[in-house]
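Read the structure below first, then the notes.
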Amino acid sequence: MMRIKTAGISEFFQHQFIRLAQGIVAFLVLILITPTVHSQEIDILLKGGHVIDPKNNINSKMDVAIVGDKIFRIAANIPANTSKKTIDISGLYLTPGIIDMHAHVFHGADVNSISANSPGGLQADAFSFRAGVTTVVDAGSAGWRNFPLFKTQVIDRSQTRVLAFLNVVGRGMVTRYDQQDVTDMNPEMNAYMIKKLHPTILVGIKSAHYWGDFTSVDKAVESGKLANVPVIVDFGEHSPPNSIESLFMEHFRPGDIFTHTFSEHAISKTTGGRESIVDVKTRKVKPFVFAAQKRGIIFDVGHGAGAFNFNQAIPALKQGFMPNTISTDLYNLSMNAAMKDMTNVMSKFLAMGMGLQDVILRTTWNPAQVIKRLDLGHLTVGSEADIAVFNLKKGNFGYMDVGRTKISGTEKLEAELTLRAGRVVWDLNGISAADWQMPASTN
């Protein structure tokens, strides 16, 4: 009997010991696993870079953490072991994804068209990410009649976020003759297309290449009023030239946009032209230009193949006039000319004396406000992780204007890394990649 009782007590204590041991093991495993789980909280950590985020007044060395497609945290010295992937960007500048507010990306095969479904329009993905651009705004290539084709053929197929100004002319920017067709300027249809059908894509109205009076501008503004969006105007080719003072002070509303701000064309009595903001004789900014900007008129660069002259830009900057937004006017004739790409245009402004923070402001938060997309152009926690990482190279560089004159600069921006919605879409030198190693032999 005693043996049976002793055996039972022994088995009881053995069982309790085993349970205690299992509990201790489970506790130790939990302790060991918990930091590992915590370390995988962040998907991508961009570490050691200098962050410039004008909206949030950040201009210092910070780390940026991404979870999924969103900004998760911005702080100094975020531990590398809290991230699944850490990318060292020491010595580089990190900014919100760049917004190019004036481009033409309605790429297609109609060889008789300027920009609508045309070889003149370029593929957005081919020119965006390599320049730090995550959002492009097409400047009126499509009107309400062909916008559905633009959306299906280009916008829905692009990794780049593509937004658009709708052309005031229903057929869009097919030929310059189409831009004169007042009968195809339909404010009601324009507003319906924007407000009812595509309010998240269409951000405004474009008027361009009109040879007459202010009719095209006024139809665009009427459309803009109905849809509660700004208009952007390419105001040239008038004979005689129309008054830009009248445009700014009588026809525009605050928030409307004058593009090709630094264009200078010789004005002919027969062919007309475009009035410039800097007087071509005195090289002084016309006083009403400052008054217009104070009134709320937006001045956009829109460099292009024929719309940026140092004779205008340099005197203006020296006199304290700066554009509100910097953009490329990207299309087939500008891509290999003086414009090249967004980083070249941004670097050009550095060479003319604009500070880096001002350049970033005019390519991120300013354009986002102009097109009323306040979800873009900043690095606020919870916002979509559109990010550009730049190398500010030092050396001797040359920058051209459309007249094929050159200035020299000592700095040049180069896009090192671009992330769109938390995903690496451009990596110039493989800084996000693992080092190559010879695979182990399988023998």
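Naming works like this for the structure tokens: A, B, ... for the chains as they're shown, residue 1 at the start of each chain, ligands 1 onward in shown order.
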Tell me, as a ChimeraX atom specification, which residues lie within 12 Å of Thr282 in chain A, counting only C-alpha atoms; anything in the same chain fewer than 4 positions away does not count.
/A:277-278,286,311-312,315-316
How close does each residue of range 187-212 of chain A get to range 153-161 of chain A, giving the shortest atom pair and distance in Å to one decimal for every residue with an atom at most 12 Å away, counting only C-alpha atoms, sorted by chain and residue number, as a Markdown table?
| residue | atom | partner | partner_atom | distance |
| --- | --- | --- | --- | --- |
| A:His198 | CA | A:Ile155 | CA | 11.8 |
| A:Thr200 | CA | A:Arg161 | CA | 11.1 |
| A:Ile201 | CA | A:Ile155 | CA | 9.0 |
| A:Leu202 | CA | A:Ile155 | CA | 11.3 |
Determine, for each residue of range 191-271 of chain A having at least one atom at most 8 Å from an atom of range 163-179 of chain A, the closest pair of atoms and their separation in Å to one decimal, counting only C-alpha atoms; order by chain and ascending number, as a tab-separated table.
residue	atom	partner	partner_atom	distance
A:Ile201	CA	A:Leu163	CA	4.8
A:Leu202	CA	A:Ala164	CA	4.9
A:Val203	CA	A:Phe165	CA	5.6
A:Gly204	CA	A:Phe165	CA	4.5
A:Ile205	CA	A:Leu166	CA	4.7
A:Lys206	CA	A:Asn167	CA	4.7
A:Ser207	CA	A:Val168	CA	5.8
A:Ala208	CA	A:Gln179	CA	6.9
A:His209	CA	A:Gln179	CA	6.3
A:Tyr210	CA	A:Gln179	CA	6.0
A:Ser216	CA	A:Val168	CA	7.4
A:Lys219	CA	A:Val168	CA	7.1
A:Ala220	CA	A:Val168	CA	5.5
A:Ser223	CA	A:Val168	CA	7.7
A:Val231	CA	A:Phe165	CA	7.9
A:Ile232	CA	A:Phe165	CA	7.8
Please dump the current selection as an mmCIF file, in the first residue's frame; keep N, CA and C atoms.
data_model
loop_
_atom_site.group_PDB
_atom_site.id
_atom_site.type_symbol
_atom_site.label_atom_id
_atom_site.label_comp_id
_atom_site.auth_asym_id
_atom_site.auth_seq_id
_atom_site.Cartn_x
_atom_site.Cartn_y
_atom_site.Cartn_z
ATOM 1 N N ILE A 201 -9.533 62.971 -59.950
ATOM 2 C CA ILE A 201 -8.462 63.020 -60.958
ATOM 3 C C ILE A 201 -8.349 64.399 -61.596
ATOM 4 N N LEU A 202 -9.484 64.996 -61.930
ATOM 5 C CA LEU A 202 -9.482 66.284 -62.618
ATOM 6 C C LEU A 202 -9.404 67.418 -61.599
ATOM 7 N N VAL A 203 -8.356 68.222 -61.711
ATOM 8 C CA VAL A 203 -8.075 69.237 -60.686
ATOM 9 C C VAL A 203 -8.256 70.662 -61.192
ATOM 10 N N GLY A 204 -8.599 70.831 -62.479
ATOM 11 C CA GLY A 204 -8.758 72.184 -62.988
ATOM 12 C C GLY A 204 -9.046 72.198 -64.476
ATOM 13 N N ILE A 205 -9.021 73.410 -65.048
ATOM 14 C CA ILE A 205 -9.327 73.650 -66.459
ATOM 15 C C ILE A 205 -8.131 74.336 -67.116
ATOM 16 N N LYS A 206 -7.851 73.969 -68.358
ATOM 17 C CA LYS A 206 -6.728 74.563 -69.105
ATOM 18 C C LYS A 206 -7.245 75.342 -70.314
ATOM 19 N N SER A 207 -6.723 76.551 -70.479
ATOM 20 C CA SER A 207 -6.929 77.338 -71.697
ATOM 21 C C SER A 207 -5.561 77.580 -72.317
ATOM 22 N N ALA A 208 -5.461 77.350 -73.651
ATOM 23 C CA ALA A 208 -4.135 77.470 -74.277
ATOM 24 C C ALA A 208 -4.229 77.790 -75.758
ATOM 25 N N HIS A 209 -3.191 78.465 -76.256
ATOM 26 C CA HIS A 209 -2.968 78.651 -77.695
ATOM 27 C C HIS A 209 -4.137 79.348 -78.395
ATOM 28 N N TYR A 210 -4.834 80.216 -77.671
ATOM 29 C CA TYR A 210 -5.971 80.902 -78.284
ATOM 30 C C TYR A 210 -5.490 82.181 -78.941
ATOM 31 N N SER A 216 -11.500 82.353 -74.600
ATOM 32 C CA SER A 216 -11.070 81.044 -74.107
ATOM 33 C C SER A 216 -10.826 81.082 -72.608
ATOM 34 N N LYS A 219 -14.231 81.367 -70.794
ATOM 35 C CA LYS A 219 -14.938 80.081 -70.799
ATOM 36 C C LYS A 219 -14.303 79.115 -69.790
ATOM 37 N N ALA A 220 -12.970 79.165 -69.687
ATOM 38 C CA ALA A 220 -12.287 78.320 -68.710
ATOM 39 C C ALA A 220 -12.663 78.742 -67.295
ATOM 40 N N SER A 223 -16.071 77.626 -66.450
ATOM 41 C CA SER A 223 -16.013 76.198 -66.115
ATOM 42 C C SER A 223 -15.479 76.000 -64.705
ATOM 43 N N VAL A 231 -8.145 77.503 -62.895
ATOM 44 C CA VAL A 231 -7.797 77.387 -64.309
ATOM 45 C C VAL A 231 -6.309 77.659 -64.448
ATOM 46 N N ILE A 232 -5.710 77.032 -65.452
ATOM 47 C CA ILE A 232 -4.315 77.289 -65.798
ATOM 48 C C ILE A 232 -4.297 77.752 -67.244
#
With a distance cut-off of 8 Å and only C-alpha atoms, select the neighbouring residues of range 251-267 of chain A, excluding the residue or stretch itself and same-chain residues fewer than 3 positions from it, and output the selection as a PyMOL selection string.
chain A and resi 217-218+221+230-235+241+246-248+271-277+295-303+306-313+323+370
Which residue, A:Asp69, A:Glu237, A:Asp358, A:Asp181, has the smallest gap to Met322 in chain A when you use only C-alpha atoms?
A:Asp358
Where in range 14-166 of chain A does DSSP assign helix (DSSP H, G or I), given as a VMD selection string?
chain A and resid 14 to 39 54 to 56 80 to 82 124 to 127 129 to 131 147 to 153 155 to 157
Selection near range 87-103 of chain A, 7 Å with only C-alpha atoms, sequence-local residues under 3 positions removed, as a PyMOL selection string:
chain A and resi 45-53+132-139+302+327-331+363-364+367+377-379+386-391+431-432
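Interatomic distance, CA of Gly409 in chain A to CA of Ala351 in chain A: 4.6 Å.
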Could you list, as JSON, numbers by chain, every residue within 8 Å of Leu226 in chain A, counting only C-alpha atoms and ignoring same-chain residues fewer than 2 positions away?
{"A": [187, 188, 191, 222, 223, 224, 228]}
Separating CA of Ala116 in chain A from CA of His238 in chain A, to the nearest tenth of an Å, is a gap of 22.7 Å
Can you list, as a VMD selection string, all residues belonging to range 204-410 of chain A that DSSP tags as strand (DSSP E or B)?
chain A and resid 204 to 208 231 to 234 238 257 to 258 268 272 to 273 278 285 298 to 300 325 330 384 387 to 400 406 to 410
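We find CA of Ala124 in chain A and CA of Val162 in chain A to be spaced 7.8 Å apart.
The smallest atom-to-atom distance between Gln293 in chain A and any of A:Met249, A:Leu417, A:Leu317, A:Ala385, using only C-alpha atoms, is found for A:Met249.
Proximity to Ala305 in chain A was assessed for A:Lys412, A:Lys340, A:His104, A:Arg130 counting only C-alpha atoms; the smallest distance is recorded for A:Lys340.
In terms of minimum interatomic distance to Asn324 in chain A, A:Ile360 ranks closest within A:Ala415, A:Ile360, A:Leu197, A:Val111, counting only C-alpha atoms.
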